[in-house]
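Engineer: Below is the file final-v9.pdb, with PDB, C-alpha atoms.
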ATOM      1  CA  MET A 589       3.082  25.046   4.244  1.00  0.00           C
ATOM      2  CA  ALA A 590       1.640  23.549   7.399  1.00  0.00           C
ATOM      3  CA  GLU A 591       0.906  26.428   9.717  1.00  0.00           C
ATOM      4  CA  GLY A 592      -1.335  26.876  12.712  1.00  0.00           C
ATOM      5  CA  ALA A 593      -2.075  28.457  16.034  1.00  0.00           C
ATOM      6  CA  GLY A 594      -1.147  25.476  18.169  1.00  0.00           C
ATOM      7  CA  ALA A 595       0.056  21.949  17.607  1.00  0.00           C
ATOM      8  CA  ALA A 596      -2.898  20.504  19.557  1.00  0.00           C
ATOM      9  CA  GLU A 597      -5.366  22.155  17.178  1.00  0.00           C
ATOM     10  CA  MET A 598      -3.647  21.048  13.982  1.00  0.00           C
ATOM     11  CA  PRO A 599      -4.294  17.647  12.442  1.00  0.00           C
ATOM     12  CA  ARG A 600      -1.567  15.066  12.986  1.00  0.00           C
ATOM     13  CA  LEU A 601       0.889  14.366  10.205  1.00  0.00           C
ATOM     14  CA  GLY A 602       0.411  10.976   8.619  1.00  0.00           C
ATOM     15  CA  ALA A 603      -2.154   8.918   6.762  1.00  0.00           C
ATOM     16  CA  TYR A 604      -5.916   9.312   7.192  1.00  0.00           C
ATOM     17  CA  VAL A 605      -8.082   6.510   5.803  1.00  0.00           C
ATOM     18  CA  GLY A 606     -11.814   6.448   5.137  1.00  0.00           C
ATOM     19  CA  THR A 607     -14.074   3.814   3.579  1.00  0.00           C
ATOM     20  CA  LYS A 608     -17.507   3.981   2.002  1.00  0.00           C
ATOM     21  CA  ARG A 609     -19.445   0.760   1.490  1.00  0.00           C
ATOM     22  CA  ASP A 610     -21.503   0.125  -1.657  1.00  0.00           C
ATOM     23  CA  CYS A 611     -20.228   3.376  -3.149  1.00  0.00           C
ATOM     24  CA  SER A 612     -21.089   3.094  -6.856  1.00  0.00           C
ATOM     25  CA  CYS A 613     -22.890  -0.268  -6.723  1.00  0.00           C
ATOM     26  CA  PRO A 614     -23.509  -3.106  -4.237  1.00  0.00           C
ATOM     27  CA  GLY A 615     -20.192  -4.613  -3.161  1.00  0.00           C
ATOM     28  CA  ASP A 616     -18.130  -1.617  -4.284  1.00  0.00           C
ATOM     29  CA  HIS A 617     -16.334  -0.723  -1.066  1.00  0.00           C
ATOM     30  CA  VAL A 618     -14.105   2.264  -1.765  1.00  0.00           C
ATOM     31  CA  SER A 619     -11.304   3.584   0.421  1.00  0.00           C
ATOM     32  CA  TRP A 620      -9.663   6.982   0.317  1.00  0.00           C
ATOM     33  CA  GLU A 621      -6.263   7.731   1.828  1.00  0.00           C
ATOM     34  CA  LEU A 622      -5.120  11.275   2.581  1.00  0.00           C
ATOM     35  CA  GLU A 623      -1.516  11.660   3.638  1.00  0.00           C
ATOM     36  CA  LEU A 624      -0.407  14.908   5.283  1.00  0.00           C
ATOM     37  CA  LEU A 625       3.368  15.089   5.010  1.00  0.00           C
ATOM     38  CA  PRO A 626       5.931  17.445   6.554  1.00  0.00           C
ATOM     39  CA  GLU A 627       6.627  20.766   4.867  1.00  0.00           C
ATOM     40  CA  GLY A 628       3.100  21.048   3.485  1.00  0.00           C
ATOM     41  CA  ALA A 629       3.132  18.163   0.992  1.00  0.00           C
ATOM     42  CA  CYS A 630       0.203  15.766   0.709  1.00  0.00           C
ATOM     43  CA  THR A 631      -1.163  12.899  -1.357  1.00  0.00           C
ATOM     44  CA  ILE A 632      -4.721  11.692  -1.869  1.00  0.00           C
ATOM     45  CA  GLY A 633      -5.603   8.297  -3.288  1.00  0.00           C
ATOM     46  CA  CYS A 634      -8.749   6.320  -4.039  1.00  0.00           C
ATOM     47  CA  LYS A 635      -9.143   2.587  -4.633  1.00  0.00           C
ATOM     48  CA  SER A 636     -12.075   0.239  -4.951  1.00  0.00           C
ATOM     49  CA  GLU A 637     -12.420  -3.380  -3.878  1.00  0.00           C
ATOM     50  CA  LEU A 638     -14.279  -4.147  -7.124  1.00  0.00           C
ATOM     51  CA  SER A 639     -12.565  -4.008 -10.478  1.00  0.00           C
ATOM     52  CA  LEU A 640     -13.606  -1.345 -12.955  1.00  0.00           C
ATOM     53  CA  SER A 641     -15.223  -3.997 -15.180  1.00  0.00           C
ATOM     54  CA  LYS A 642     -17.487  -5.106 -12.313  1.00  0.00           C
ATOM     55  CA  GLY A 643     -18.698  -1.587 -11.527  1.00  0.00           C
ATOM     56  CA  GLY A 644     -15.982  -0.402  -9.154  1.00  0.00           C
ATOM     57  CA  LEU A 645     -14.561   3.097  -9.171  1.00  0.00           C
ATOM     58  CA  GLN A 646     -11.363   3.859 -11.090  1.00  0.00           C
ATOM     59  CA  ALA A 647      -8.335   3.996  -8.789  1.00  0.00           C
ATOM     60  CA  TRP A 648      -6.418   7.296  -8.785  1.00  0.00           C
ATOM     61  CA  HIS A 649      -3.649   9.093  -6.890  1.00  0.00           C
ATOM     62  CA  VAL A 650      -2.979  12.859  -6.790  1.00  0.00           C
ATOM     63  CA  GLU A 651      -0.402  15.074  -5.073  1.00  0.00           C
ATOM     64  CA  GLY A 652      -0.710  18.531  -3.617  1.00  0.00           C
ATOM     65  CA  THR A 653       0.190  20.992  -0.907  1.00  0.00           C
ATOM     66  CA  TRP A 654      -1.707  21.624   2.309  1.00  0.00           C
ATOM     67  CA  GLU A 655      -2.000  24.289   4.950  1.00  0.00           C
ATOM     68  CA  TRP A 656      -3.917  24.513   8.197  1.00  0.00           C
ATOM     69  CA  ASP A 657      -6.617  27.184   8.545  1.00  0.00           C
ATOM     70  CA  ALA A 658      -6.895  27.615  12.324  1.00  0.00           C
ATOM     71  CA  ASP A 659      -9.818  30.054  12.088  1.00  0.00           C
ATOM     72  CA  ASP A 660     -12.069  27.641  10.199  1.00  0.00           C
ATOM     73  CA  GLU A 661     -10.426  24.494  11.647  1.00  0.00           C
ATOM     74  CA  GLU A 662      -9.897  22.896   8.263  1.00  0.00           C
ATOM     75  CA  VAL A 663      -7.109  21.709   6.012  1.00  0.00           C
ATOM     76  CA  LEU A 664      -6.838  23.518   2.683  1.00  0.00           C
ATOM     77  CA  VAL A 665      -5.373  21.407  -0.129  1.00  0.00           C
ATOM     78  CA  GLU A 666      -4.292  22.567  -3.577  1.00  0.00           C
ATOM     79  CA  ILE A 667      -3.706  19.807  -6.125  1.00  0.00           C
ATOM     80  CA  THR A 668      -0.332  20.169  -7.877  1.00  0.00           C
ATOM     81  CA  LYS A 669      -0.202  16.844  -9.777  1.00  0.00           C
ATOM     82  CA  ASP A 670      -3.382  15.226 -11.038  1.00  0.00           C
ATOM     83  CA  ASP A 671      -4.015  11.712 -12.302  1.00  0.00           C
ATOM     84  CA  PRO A 672      -5.385  11.211 -15.827  1.00  0.00           C
ATOM     85  CA  LEU A 673      -7.475   8.295 -14.511  1.00  0.00           C
ATOM     86  CA  GLY A 674      -9.486  10.466 -12.103  1.00  0.00           C
ATOM     87  CA  GLY A 675      -9.508  12.459  -8.917  1.00  0.00           C
ATOM     88  CA  PRO A 676      -9.290  16.205  -8.415  1.00  0.00           C
ATOM     89  CA  LYS A 677      -7.548  18.063 -11.231  1.00  0.00           C
ATOM     90  CA  ARG A 678      -4.436  20.269 -11.017  1.00  0.00           C
ATOM     91  CA  GLU A 679      -4.928  23.650  -9.300  1.00  0.00           C
ATOM     92  CA  ARG A 680      -8.197  22.450  -7.719  1.00  0.00           C
ATOM     93  CA  GLU A 681      -8.616  23.551  -4.115  1.00  0.00           C
ATOM     94  CA  LEU A 682     -10.179  21.195  -1.591  1.00  0.00           C
ATOM     95  CA  THR A 683     -11.363  21.927   1.935  1.00  0.00           C
ATOM     96  CA  LEU A 684     -11.085  19.148   4.535  1.00  0.00           C
ATOM     97  CA  PRO A 685     -12.910  20.041   7.763  1.00  0.00           C
ATOM     98  CA  LEU A 686     -11.351  18.700  10.963  1.00  0.00           C
ATOM     99  CA  CYS A 687     -13.901  16.919  13.177  1.00  0.00           C
ATOM    100  CA  GLU A 688     -13.832  16.889  16.975  1.00  0.00           C
ATOM    101  CA  ASP A 689     -12.591  13.277  16.938  1.00  0.00           C
ATOM    102  CA  GLY A 690      -9.566  14.306  14.819  1.00  0.00           C
ATOM    103  CA  SER A 691     -10.846  12.858  11.536  1.00  0.00           C
ATOM    104  CA  LEU A 692     -10.795  14.800   8.267  1.00  0.00           C
ATOM    105  CA  VAL A 693     -13.884  14.935   6.033  1.00  0.00           C
ATOM    106  CA  PHE A 694     -13.088  14.359   2.352  1.00  0.00           C
ATOM    107  CA  LYS A 695     -15.732  15.527  -0.136  1.00  0.00           C
ATOM    108  CA  PHE A 696     -15.308  14.900  -3.853  1.00  0.00           C
ATOM    109  CA  ALA A 697     -17.535  14.005  -6.834  1.00  0.00           C
ATOM    110  CA  GLY A 698     -20.650  13.512  -4.719  1.00  0.00           C
ATOM    111  CA  HIS A 699     -18.887  11.334  -2.153  1.00  0.00           C
ATOM    112  CA  GLU A 700     -18.281  12.335   1.443  1.00  0.00           C
ATOM    113  CA  VAL A 701     -16.252  10.231   3.834  1.00  0.00           C
ATOM    114  CA  ALA A 702     -14.663  10.768   7.247  1.00  0.00           C
ATOM    115  CA  CYS A 703     -11.002   9.754   7.113  1.00  0.00           C
ATOM    116  CA  VAL A 704      -9.477   8.772  10.460  1.00  0.00           C
ATOM    117  CA  TRP A 705      -5.782   8.930  11.348  1.00  0.00           C
ATOM    118  CA  ALA A 706      -4.172   5.549  10.640  1.00  0.00           C
ATOM    119  CA  ARG A 707      -0.371   5.878  10.859  1.00  0.00           C
ATOM    120  CA  PRO A 708       2.507   8.360  10.977  1.00  0.00           C
ATOM    121  CA  PRO A 709       4.241   9.472   7.782  1.00  0.00           C
ATOM    122  CA  VAL A 710       6.859   7.170   6.294  1.00  0.00           C
ATOM    123  CA  ASP A 711      10.421   7.880   7.428  1.00  0.00           C
ATOM    124  CA  THR A 712      12.219   8.103   4.079  1.00  0.00           C
ATOM    125  CA  VAL A 713      15.680   8.245   5.675  1.00  0.00           C
ATOM    126  CA  GLN A 714      14.999   5.012   7.552  1.00  0.00           C
ATOM    127  CA  GLU A 715      13.707   3.402   4.348  1.00  0.00           C
ATOM    128  CA  GLN A 716      16.951   4.343   2.571  1.00  0.00           C
ATOM    129  CA  LEU A 717      19.049   2.931   5.413  1.00  0.00           C
ATOM    130  CA  ASP A 718      17.010  -0.283   5.451  1.00  0.00           C
ATOM    131  CA  ALA A 719      17.669  -0.753   1.719  1.00  0.00           C
ATOM    132  CA  MET A 720      21.481  -0.427   2.105  1.00  0.00           C
ATOM    133  CA  SER A 721      23.916  -3.315   2.370  1.00  0.00           C
ATOM    134  CA  LEU A 722      26.281  -3.577   5.363  1.00  0.00           C
ATOM    135  CA  LYS A 723      29.101  -2.270   3.185  1.00  0.00           C
ATOM    136  CA  GLU A 724      27.024   0.810   2.245  1.00  0.00           C
ATOM    137  CA  LEU A 725      26.035   1.392   5.894  1.00  0.00           C
ATOM    138  CA  LYS A 726      29.711   1.308   6.890  1.00  0.00           C
ATOM    139  CA  ALA A 727      30.543   3.836   4.147  1.00  0.00           C
ATOM    140  CA  VAL A 728      27.759   6.164   5.351  1.00  0.00           C
ATOM    141  CA  ALA A 729      29.003   5.914   8.938  1.00  0.00           C
ATOM    142  CA  LEU A 730      32.567   6.750   7.864  1.00  0.00           C
ATOM    143  CA  ALA A 731      31.369   9.618   5.649  1.00  0.00           C
ATOM    144  CA  ASN A 732      29.579  11.109   8.665  1.00  0.00           C
ATOM    145  CA  GLY A 733      32.705  10.919  10.832  1.00  0.00           C
ATOM    146  CA  LEU A 734      31.483   7.960  12.895  1.00  0.00           C
ATOM    147  CA  ASP A 735      33.699   5.056  13.933  1.00  0.00           C
ATOM    148  CA  PRO A 736      32.089   1.756  12.894  1.00  0.00           C
ATOM    149  CA  ALA A 737      34.775  -0.327  14.650  1.00  0.00           C
ATOM    150  CA  GLY A 738      33.105  -3.207  16.448  1.00  0.00           C
ATOM    151  CA  CYS A 739      29.962  -3.079  14.319  1.00  0.00           C
ATOM    152  CA  ILE A 740      29.161  -6.556  13.081  1.00  0.00           C
ATOM    153  CA  GLU A 741      25.390  -6.771  12.789  1.00  0.00           C
ATOM    154  CA  ARG A 742      23.103  -4.521  10.761  1.00  0.00           C
ATOM    155  CA  GLY A 743      21.534  -3.242  13.985  1.00  0.00           C
ATOM    156  CA  ASP A 744      24.968  -2.099  15.223  1.00  0.00           C
ATOM    157  CA  PHE A 745      25.436   0.123  12.161  1.00  0.00           C
ATOM    158  CA  LEU A 746      21.890   1.506  12.413  1.00  0.00           C
ATOM    159  CA  ARG A 747      22.415   2.352  16.110  1.00  0.00           C
ATOM    160  CA  ILE A 748      25.594   4.374  15.512  1.00  0.00           C
ATOM    161  CA  LEU A 749      23.970   6.177  12.574  1.00  0.00           C
ATOM    162  CA  ALA A 750      20.930   7.034  14.712  1.00  0.00           C
ATOM    163  CA  ARG A 751      23.162   8.485  17.446  1.00  0.00           C
ATOM    164  CA  GLY A 752      25.431  10.347  15.030  1.00  0.00           C
TER
END
Do you think you could lay out the structure here as structure tokens?

Structural biologist:
Amino acid sequence: MAEGAGAAEMPRLGAYVGTKRDCSCPGDHVSWELELLPEGACTIGCKSELSLSKGGLQAWHVEGTWEWDADDEEVLVEITKDDPLGGPKRERELTLPLCEDGSLVFKFAGHEVACVWARPPVDTVQEQLDAMSLKELKAVALANGLDPAGCIERGDFLRILARG
């Protein structure tokens, strides 16, 4: 679970991205993405600009849980779902120090990269609403006790659902 002494000291929720140039060979620019999600969930992914056949690193994506260690000012990650193609294995614990600039340092398999905050976490509820038809949006509004009378455009339905 994400815990901490104060919100200002904790890392921000969202995606942190770091890149290392010429990682395994010239031209192999590799990026890592760490995503700190609400309720202590996280994902870590790696992808290379070069294909595996040209010397690039194998892409992988793992899932885990995270918690904030305020004393050591670092994020502690435990991997809960590994990827058979690579990355940290299940039950592996990783330590991601928080730098003064707010970046997280990811160290794995001889690579070290500073990952900077890039964007907030995805709003899954909004994604679900965006995928619904107008008929489905109207049904959701009615199911939540909202009156969709006068709603014609998609934005009208989204506004009443946001208020309700």

Engineer: Name the residues that the PyMOL selection byres ((chain A and resi 690-698) around 10) picks from the file above, as a PyMOL selection string, using the file's chain letters and numbers.

Structural biologist: chain A and resi 597-600+604-606+620-622+632+662-663+675-676+682-689+699-706

Engineer: Check which residues satisfy the PyMOL selection byres ((chain A and resi 671) around 12) in the file shown, then give them as a list of chain:residue names.

Structural biologist: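 Applied to this file, the PyMOL selection byres ((chain A and resi 671) around 12) selects A:Thr631, A:Ile632, A:Gly633, A:Cys634, A:Gln646, A:Ala647, A:Trp648, A:His649, A:Val650, A:Glu651, A:Gly652, A:Ile667, A:Thr668, A:Lys669, A:Asp670, A:Pro672, A:Leu673, A:Gly674, A:Gly675, A:Pro676, A:Lys677, A:Arg678.
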
Engineer: Which residue is closest to Glu623 (chain A)? Choose from A:Ala719, A:Arg707, A:Lys726, A:Thr712 and count all atoms listed in the file.

Structural biologist: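 Nearest to Glu623 (chain A): A:Arg707.
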
Engineer: Go ahead and compute the interatomic distance for CA of Glu681 (chain A) and CA of Asp660 (chain A), in Å to one decimal.

Structural biologist: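 CA of Asp660 (chain A) lies 15.3 Å from CA of Glu681 (chain A).
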
Engineer: Separation of CA of Glu741 (chain A) and CA of Gln716 (chain A), in Å?

Structural biologist: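 These two atoms are separated by 17.3 Å.
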
Engineer: Applied to this file, what does the PyMOL selection byres ((chain A and resi 637) around 8) return in terms of residues, put as a PyMOL selection string?

Structural biologist: chain A and resi 615-618+635-636+638-639+644

Engineer: By how many Å are CA of Pro736 (chain A) and CA of Leu717 (chain A) apart?

Structural biologist: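 Taking CA of Pro736 (chain A) as the start and CA of Leu717 (chain A) as the end point, the length is 15.1 Å.
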
Engineer: Kindly indicate which residue among A:Ser612, A:Leu601, A:Ser641, A:Arg747 lies nearest to Trp654 (chain A), using only C-alpha atoms for the distances.

Structural biologist: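 Among the listed residues, A:Leu601 lies closest to Trp654 (chain A).
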